[in-house]
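J.: Structure incoming, see below.
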Amino acid sequence: MTIYLKLAWRSIWRNKRRTLITISALVFAVIVSVLMQSLNRGSHELIIENMTHLQTGFVQIQDYRFQDEPSLDNSFFFDESLEKEWLAIDDRIQWVLPRIETFMLAAIDGSTRGALVFGVEVEKEQNFNQLKDRLAEGEFFRKDEYAVVISTGFSERTNLGVGDTLALIGQGRFAMSASGLFTVRGIIDHPLPDMNSQTIYMPLPVAQELLSADQMVSSVLIGLETDRHTQSVADALKNGISDEELAVFTWPELIPELLELLEFDLVGAYLMSYILYIVIAFGFFGTILTMTLERIKEFGILISVGMGRGRLAITLFLEVLVISILGVLVGAAGAWLLLYYFYLNPIELTGQLAETVIDMGWEPVLPMSFAPDQFYSQGIIVFFIAMVISIYPIYKIFSLDVIKASRV
Amino acid sequence: MAVIRTEKLCKVYNPDTIPVHALRDVSIEIQKGEFTSLVGPSGSGKTTLLNMLGALDMPSSGKSWIGDVEVTSLTDKERINFRLHNIGFVFQHYNLIPVFTAKENVSFIMLLQGVDPKTISERADELLEQVGLGDRKDSRPSQLSGGQQQRVAVARALASEPQFILADEPTANLDTKAAMNLLDLMQKMNEEQKVTFVFSTHDQRVISRARRVITLVDGALYSDKEQEPKIVLEPK
Ligand SMILES: Nc1ncnc2c1ncn2[C@@H]1O[C@H](COP(=O)(O)OP(=O)(O)OP(=O)(O)O)[C@@H](O)[C@H]1O
Ligand SMILES: [Mg+2]
């Protein structure tokens, strides 16, 4: 084997410049592809990070009917002893966040606006998602006061500011009427644009009282240190929770549409890199084509003196493979270095775009993903290209007429 | 037993269009230890016959044997393997792998044969020493003269310990001095180690070095004579 590798290696460098150009093209393709994907996925990771922390939790527990019919009638009883019980099921469970949520109308100056009302325990939220740190103005309510924190988008829609009073009208559990007056204590930047336009937070016990749902919650979010454990913790909870009316979901199960959308959003980046790879594959093929054709005579001699066609084909395949491996390794290393550079020196957004992004509660930098599979996938693509390209020299070897080849 | 034996070898190129009868009923026998030259005008079929003797090409009809193996009945794959273990080749030019050094070129054949690395290294050194290139082991073909390259080719041909060595116009690209040096070397191998050589040539001075001269005309055997080689080996 080593002799084939030696022959392949030396043959590759027979024309240094041509090989370097081919490898550079591969390196370029890998770097551009990884960067494109990284930018795309970086923003997706940010969305998912916000989604899991503010909206779904990594794992969520609901009444089994809630998923199909998210009404207060499908809320369930939750207290501290239940919280302790669940925390004990798996020690990777770090936070347990009870929430009650419902849709209500906010009456302001004779007109009404729809709003999503969340009853939350602020200290628990703070531990898991730093909810308090997102305050743009004012402060959070105390545990038991009739006060709310509204999102910036909602504040803009309604012209409500800190200190203003807000009337909420809606329906409680079992069609009980629910209404009350609340003081706006603070305004918060919700990073999910959809939520930012309509979210109202209030203390959990207050919401329970307002909605005639004493001790009831609509969902309990489970907070973990890392997404890696989502599935196994969900499985542990499924086994550990005795109440058959409760269902356990992982976050991807809760937002399949969003994930599909994000996947779809990647198609553009994939397409771009495929086109890039096709162009580069042709260049690569050109190199291999000339590398093969200019050595036909040599192949003829090698087969004449007794080198089997299979052995020669292996050598040629190795040549293609070595070039691709060099391209992928150097490309991946380069891409990694670039990503690392951008990690240390994030690309800052400026002007209008930056303002929009800041308004959404995000940092005005281009988020980048470090997901390792971005690198693997380039390796797989290039390996695939190598396989396809090496068909030609291998075919050439097996169809070579020794006599004719030596006459060339 | 003869090393090479052919029986009514015929070769017709382009049988369907304008047929060229490159060989007509050639039956010859070559014994172990012979030093045979194949001569004839251009186009007389020397290369074609050597290709048959070397199991590189298949005749249109007729048979040939190397030792007791009928090579004309072997498949392409079997012939490649047979060549590897039984026949040494020296071509007119472009013999060597350009990216390998002289020593690697000689070793390569033995590696293909599966000889153990230690033996390979020793034997490659010894062979290069024998062909007078002990000091150029690490040179690549491009750094060697045409004559030196042909000597490496002879060393490579010997490396596989073949039953015989075929050389198609090995001196055609060499100047007189280099050509005579190569002939000296081949003759020495023949006399000292009983290596069987069959080589084709146009060159009268080369012909005169052979012990047996087979002449082809128009693809047919014209004459087959024994002779006393004119120039005897001169010590260098
Ligand atoms: N592949 C081929 N296709 C058609 N005709 C061929 C082919 N190879 C050889 N010939 C013809 O067969 C005849 C014998 O050719 P060959 O090469 O054996 O001659 P040669 O004696 O080696 O000649 P030279 O001294 O010029 O090398 C010639 O007429 C040649 O044109
Ligand atoms: Mg010829």
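Within each chain, counting starts at residue 1; across the structure tokens, chains are named A, B, ... in the order shown, with ligands numbered 1 upward in that order.
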Using only C-alpha atoms and all ligand atoms, find each residue with an atom at most 10 Å away from ligand 2 and format the answer as a PDB file with N, CA, C and O atoms, in the first residue's frame.
T.:
```pdb
ATOM      1  N   ARG A 407       2.776   2.867 -27.746  1.00  0.00           N
ATOM      2  CA  ARG A 407       3.158   3.421 -29.036  1.00  0.00           C
ATOM      3  C   ARG A 407       2.993   4.934 -29.104  1.00  0.00           C
ATOM      4  O   ARG A 407       3.574   5.564 -29.970  1.00  0.00           O
TER       5      ARG A 407
ATOM      6  N   VAL B  39      16.220  -8.994 -36.444  1.00  0.00           N
ATOM      7  CA  VAL B  39      16.485  -7.907 -37.379  1.00  0.00           C
ATOM      8  C   VAL B  39      15.541  -7.979 -38.567  1.00  0.00           C
ATOM      9  O   VAL B  39      14.790  -8.936 -38.730  1.00  0.00           O
ATOM     10  N   GLY B  40      15.582  -6.904 -39.345  1.00  0.00           N
ATOM     11  CA  GLY B  40      14.706  -6.840 -40.509  1.00  0.00           C
ATOM     12  C   GLY B  40      14.402  -5.392 -40.805  1.00  0.00           C
ATOM     13  O   GLY B  40      14.538  -4.539 -39.929  1.00  0.00           O
ATOM     14  N   PRO B  41      13.981  -5.111 -42.021  1.00  0.00           N
ATOM     15  CA  PRO B  41      13.677  -3.737 -42.390  1.00  0.00           C
ATOM     16  C   PRO B  41      12.513  -3.186 -41.569  1.00  0.00           C
ATOM     17  O   PRO B  41      11.789  -3.943 -40.931  1.00  0.00           O
ATOM     18  N   SER B  42      12.385  -1.883 -41.619  1.00  0.00           N
ATOM     19  CA  SER B  42      11.292  -1.251 -40.893  1.00  0.00           C
ATOM     20  C   SER B  42       9.953  -1.789 -41.385  1.00  0.00           C
ATOM     21  O   SER B  42       9.752  -1.933 -42.583  1.00  0.00           O
ATOM     22  N   GLY B  43       9.082  -2.111 -40.468  1.00  0.00           N
ATOM     23  CA  GLY B  43       7.776  -2.635 -40.836  1.00  0.00           C
ATOM     24  C   GLY B  43       7.770  -4.130 -41.067  1.00  0.00           C
ATOM     25  O   GLY B  43       6.761  -4.701 -41.476  1.00  0.00           O
ATOM     26  N   SER B  44       8.904  -4.795 -40.788  1.00  0.00           N
ATOM     27  CA  SER B  44       8.976  -6.225 -41.072  1.00  0.00           C
ATOM     28  C   SER B  44       8.299  -7.064 -39.987  1.00  0.00           C
ATOM     29  O   SER B  44       8.105  -8.263 -40.159  1.00  0.00           O
ATOM     30  N   GLY B  45       7.959  -6.438 -38.847  1.00  0.00           N
ATOM     31  CA  GLY B  45       7.220  -7.177 -37.826  1.00  0.00           C
ATOM     32  C   GLY B  45       8.014  -7.495 -36.570  1.00  0.00           C
ATOM     33  O   GLY B  45       7.565  -8.298 -35.748  1.00  0.00           O
ATOM     34  N   LYS B  46       9.160  -6.848 -36.387  1.00  0.00           N
ATOM     35  CA  LYS B  46       9.997  -7.132 -35.212  1.00  0.00           C
ATOM     36  C   LYS B  46       9.257  -6.816 -33.910  1.00  0.00           C
ATOM     37  O   LYS B  46       9.195  -7.643 -32.992  1.00  0.00           O
ATOM     38  N   THR B  47       8.718  -5.591 -33.860  1.00  0.00           N
ATOM     39  CA  THR B  47       8.014  -5.190 -32.637  1.00  0.00           C
ATOM     40  C   THR B  47       6.810  -6.092 -32.397  1.00  0.00           C
ATOM     41  O   THR B  47       6.555  -6.534 -31.267  1.00  0.00           O
ATOM     42  N   THR B  48       6.111  -6.387 -33.495  1.00  0.00           N
ATOM     43  CA  THR B  48       4.933  -7.247 -33.357  1.00  0.00           C
ATOM     44  C   THR B  48       5.323  -8.602 -32.778  1.00  0.00           C
ATOM     45  O   THR B  48       4.670  -9.110 -31.849  1.00  0.00           O
ATOM     46  N   LEU B  49       6.409  -9.161 -33.264  1.00  0.00           N
ATOM     47  CA  LEU B  49       6.831 -10.468 -32.767  1.00  0.00           C
ATOM     48  C   LEU B  49       7.266 -10.387 -31.303  1.00  0.00           C
ATOM     49  O   LEU B  49       6.897 -11.240 -30.482  1.00  0.00           O
ATOM     50  N   LEU B  50       8.014  -9.333 -30.974  1.00  0.00           N
ATOM     51  CA  LEU B  50       8.447  -9.182 -29.578  1.00  0.00           C
ATOM     52  C   LEU B  50       7.240  -9.051 -28.649  1.00  0.00           C
ATOM     53  O   LEU B  50       7.231  -9.587 -27.538  1.00  0.00           O
ATOM     54  N   ASN B  51       6.214  -8.333 -29.101  1.00  0.00           N
ATOM     55  CA  ASN B  51       5.003  -8.204 -28.289  1.00  0.00           C
ATOM     56  C   ASN B  51       4.340  -9.551 -28.033  1.00  0.00           C
ATOM     57  O   ASN B  51       3.798  -9.796 -26.955  1.00  0.00           O
ATOM     58  N   GLN B  92      12.339   0.903 -25.973  1.00  0.00           N
ATOM     59  CA  GLN B  92      13.204   1.815 -26.714  1.00  0.00           C
ATOM     60  C   GLN B  92      13.456   3.103 -25.933  1.00  0.00           C
ATOM     61  O   GLN B  92      14.564   3.587 -25.833  1.00  0.00           O
ATOM     62  N   ASP B 168      13.217  -4.093 -27.168  1.00  0.00           N
ATOM     63  CA  ASP B 168      12.856  -3.626 -28.509  1.00  0.00           C
ATOM     64  C   ASP B 168      13.668  -2.385 -28.828  1.00  0.00           C
ATOM     65  O   ASP B 168      13.432  -1.320 -28.253  1.00  0.00           O
ATOM     66  N   GLU B 169      14.616  -2.528 -29.721  1.00  0.00           N
ATOM     67  CA  GLU B 169      15.509  -1.441 -30.113  1.00  0.00           C
ATOM     68  C   GLU B 169      16.032  -0.656 -28.909  1.00  0.00           C
ATOM     69  O   GLU B 169      15.837   0.552 -28.811  1.00  0.00           O
ATOM     70  N   SER B 200      15.612  -6.557 -30.550  1.00  0.00           N
ATOM     71  CA  SER B 200      15.471  -6.200 -31.955  1.00  0.00           C
ATOM     72  C   SER B 200      16.347  -4.984 -32.230  1.00  0.00           C
ATOM     73  O   SER B 200      16.635  -4.206 -31.324  1.00  0.00           O
ATOM     74  N   THR B 201      16.797  -4.858 -33.454  1.00  0.00           N
ATOM     75  CA  THR B 201      17.643  -3.705 -33.770  1.00  0.00           C
ATOM     76  C   THR B 201      17.742  -3.486 -35.269  1.00  0.00           C
ATOM     77  O   THR B 201      17.482  -4.362 -36.083  1.00  0.00           O
ATOM     78  N   HIS B 202      18.094  -2.262 -35.602  1.00  0.00           N
ATOM     79  CA  HIS B 202      18.385  -1.881 -36.980  1.00  0.00           C
ATOM     80  C   HIS B 202      19.880  -1.762 -37.198  1.00  0.00           C
ATOM     81  O   HIS B 202      20.363  -1.721 -38.302  1.00  0.00           O
TER      82      HIS B 202
END
```
J.: Enumerate, as a PyMOL selection string, the complete set of residues in range 83-215 of chain B that a backbone-based DSSP assignment places in helix (DSSP H, G or I).
T.: chain B and resi 83-86+102-113+117-130+141-143+146-159+176-193+204-207
J.: Enumerate as a PyMOL selection string the residues belonging to chain A that approach chain B to within 6 Å, with only C-alpha atoms taken into account.
T.: chain A and resi 10+305-306
J.: Residues near Arg99 in chain A, anyone? I mean within 10 Å using only C-alpha atoms, not counting same-chain ones fewer than 2 positions away, as a PyMOL selection string.
T.: chain A and resi 75+78+96-97+101+118-121+125+203-204+207-208+216-221
J.: One decimal, in Å: what's the spacing between CA of Leu160 in chain A and CA of Gln130 in chain A?
T.: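 Between CA of Leu160 in chain A and CA of Gln130 in chain A the gap is 23.5 Å.
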J.: Counting only C-alpha atoms, which residue out of A:Ala313, A:Ile100, A:Val34, A:Val27 sits closest to Phe370 in chain A?
T.: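 Answer, going by the shortest atom-to-atom distance: A:Val34.
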J.: Mind the document's chain letters and residue numbers, and return as number ranges by chain the residues of range 190-226 of chain B that DSSP labels strand (DSSP E or B).
T.: B: 197-200, 212-217, 220-226
J.: Write out as a list in words which residues come within 9 Å of Thr292 in chain A when counting only C-alpha atoms, dropping same-chain ones fewer than 2 positions away.
T.: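 Here the qualifying residues turn out to be Thr287, Ile288, Leu289, Thr290, Glu294, Arg295, Ile296, Phe299, Leu316, Tyr392, Pro393 and Lys396 of chain A.
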J.: Could the residues in this selection be saved with N, CA, C and O atoms as a PDB file, in the first residue's frame?
T.:
```pdb
ATOM      1  N   THR A 287      -8.091  18.688 -14.204  1.00  0.00           N
ATOM      2  CA  THR A 287      -6.750  18.331 -13.724  1.00  0.00           C
ATOM      3  C   THR A 287      -6.529  16.830 -13.823  1.00  0.00           C
ATOM      4  O   THR A 287      -5.507  16.364 -14.320  1.00  0.00           O
ATOM      5  N   ILE A 288      -7.508  16.069 -13.341  1.00  0.00           N
ATOM      6  CA  ILE A 288      -7.373  14.616 -13.343  1.00  0.00           C
ATOM      7  C   ILE A 288      -7.312  14.094 -14.786  1.00  0.00           C
ATOM      8  O   ILE A 288      -6.561  13.175 -15.106  1.00  0.00           O
ATOM      9  N   LEU A 289      -8.122  14.727 -15.635  1.00  0.00           N
ATOM     10  CA  LEU A 289      -8.135  14.329 -17.048  1.00  0.00           C
ATOM     11  C   LEU A 289      -6.745  14.476 -17.665  1.00  0.00           C
ATOM     12  O   LEU A 289      -6.211  13.540 -18.250  1.00  0.00           O
ATOM     13  N   THR A 290      -6.138  15.652 -17.475  1.00  0.00           N
ATOM     14  CA  THR A 290      -4.802  15.838 -18.061  1.00  0.00           C
ATOM     15  C   THR A 290      -3.780  14.950 -17.364  1.00  0.00           C
ATOM     16  O   THR A 290      -2.908  14.375 -18.008  1.00  0.00           O
ATOM     17  N   GLU A 294      -1.804  12.552 -19.971  1.00  0.00           N
ATOM     18  CA  GLU A 294      -0.389  12.754 -20.245  1.00  0.00           C
ATOM     19  C   GLU A 294       0.467  11.585 -19.753  1.00  0.00           C
ATOM     20  O   GLU A 294       1.659  11.542 -20.011  1.00  0.00           O
ATOM     21  N   ARG A 295      -0.146  10.649 -19.075  1.00  0.00           N
ATOM     22  CA  ARG A 295       0.643   9.512 -18.572  1.00  0.00           C
ATOM     23  C   ARG A 295       0.223   8.178 -19.172  1.00  0.00           C
ATOM     24  O   ARG A 295       0.611   7.124 -18.661  1.00  0.00           O
ATOM     25  N   ILE A 296      -0.561   8.226 -20.237  1.00  0.00           N
ATOM     26  CA  ILE A 296      -1.039   6.990 -20.845  1.00  0.00           C
ATOM     27  C   ILE A 296       0.121   6.053 -21.185  1.00  0.00           C
ATOM     28  O   ILE A 296       0.087   4.849 -20.928  1.00  0.00           O
ATOM     29  N   PHE A 299       1.431   4.442 -18.135  1.00  0.00           N
ATOM     30  CA  PHE A 299       0.535   3.376 -17.693  1.00  0.00           C
ATOM     31  C   PHE A 299       0.768   2.122 -18.537  1.00  0.00           C
ATOM     32  O   PHE A 299       0.781   1.002 -18.024  1.00  0.00           O
ATOM     33  N   LEU A 316      -4.288   5.557  -8.908  1.00  0.00           N
ATOM     34  CA  LEU A 316      -4.920   6.750  -9.473  1.00  0.00           C
ATOM     35  C   LEU A 316      -6.033   7.258  -8.562  1.00  0.00           C
ATOM     36  O   LEU A 316      -6.208   8.460  -8.386  1.00  0.00           O
ATOM     37  N   TYR A 392     -13.230   8.275 -14.149  1.00  0.00           N
ATOM     38  CA  TYR A 392     -12.593   8.420 -15.456  1.00  0.00           C
ATOM     39  C   TYR A 392     -11.217   7.729 -15.528  1.00  0.00           C
ATOM     40  O   TYR A 392     -11.026   6.847 -16.368  1.00  0.00           O
ATOM     41  N   PRO A 393     -10.263   8.100 -14.658  1.00  0.00           N
ATOM     42  CA  PRO A 393      -8.965   7.419 -14.768  1.00  0.00           C
ATOM     43  C   PRO A 393      -9.064   5.908 -14.565  1.00  0.00           C
ATOM     44  O   PRO A 393      -8.347   5.145 -15.216  1.00  0.00           O
ATOM     45  N   LYS A 396     -10.227   4.425 -17.657  1.00  0.00           N
ATOM     46  CA  LYS A 396      -9.133   4.510 -18.630  1.00  0.00           C
ATOM     47  C   LYS A 396      -8.136   3.357 -18.419  1.00  0.00           C
ATOM     48  O   LYS A 396      -7.657   2.752 -19.374  1.00  0.00           O
TER      49      LYS A 396
END
```
J.: Show me, as a ChimeraX atom specification, the residues that have an atom within 7 Å of Trp95 in chain A when counting only C-alpha atoms, minus same-chain residues fewer than 6 positions from it.
T.: /A:128,222-224
J.: I need the residues from that last selection saved to file as a tab-separated table (two decimals), in the first residue's frame (with all heavy atoms), if you can.
T.:
```
chain	number	residue	atom	x	y	z
A	128	PHE	N	-33.19	30.83	34.46
A	128	PHE	CA	-33.07	30.05	33.22
A	128	PHE	C	-32.83	30.95	32.01
A	128	PHE	O	-31.98	30.66	31.17
A	128	PHE	CB	-34.35	29.23	33.03
A	128	PHE	CG	-34.37	28.41	31.77
A	128	PHE	CD1	-33.29	27.60	31.43
A	128	PHE	CD2	-35.46	28.44	30.91
A	128	PHE	CE1	-33.31	26.84	30.28
A	128	PHE	CE2	-35.48	27.68	29.75
A	128	PHE	CZ	-34.40	26.89	29.43
A	222	ILE	N	-39.00	22.81	31.21
A	222	ILE	CA	-37.86	22.20	31.87
A	222	ILE	C	-36.59	22.81	31.28
A	222	ILE	O	-36.39	22.80	30.06
A	222	ILE	CB	-37.84	20.67	31.65
A	222	ILE	CG1	-39.14	20.03	32.15
A	222	ILE	CG2	-36.62	20.03	32.30
A	222	ILE	CD1	-39.34	20.08	33.64
A	223	GLY	N	-35.78	23.37	32.17
A	223	GLY	CA	-34.53	23.99	31.70
A	223	GLY	C	-33.35	23.07	31.93
A	223	GLY	O	-33.22	22.46	32.99
A	224	LEU	N	-32.51	22.92	30.89
A	224	LEU	CA	-31.32	22.07	31.00
A	224	LEU	C	-30.09	22.91	30.73
A	224	LEU	O	-30.17	24.01	30.18
A	224	LEU	CB	-31.38	20.95	29.96
A	224	LEU	CG	-32.64	20.08	29.95
A	224	LEU	CD1	-32.57	19.12	28.77
A	224	LEU	CD2	-32.77	19.33	31.26
```
J.: Interatomic distance between CA of Ala354 in chain A and CA of Gln37 in chain A?
T.: 21.3 Å
J.: Could you give me, as a list in words, the residues within 10 Å of Leu182 in chain B, counting only C-alpha atoms and dropping anything in the same chain fewer than 5 positions from it?
T.: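 Contacts, in chain order: Val131, Gly147, Gln148, Gln150, Arg151, Val154, Pro170, Thr171, Leu174, Thr176, Lys177, Gln187 and Lys188 of chain B.
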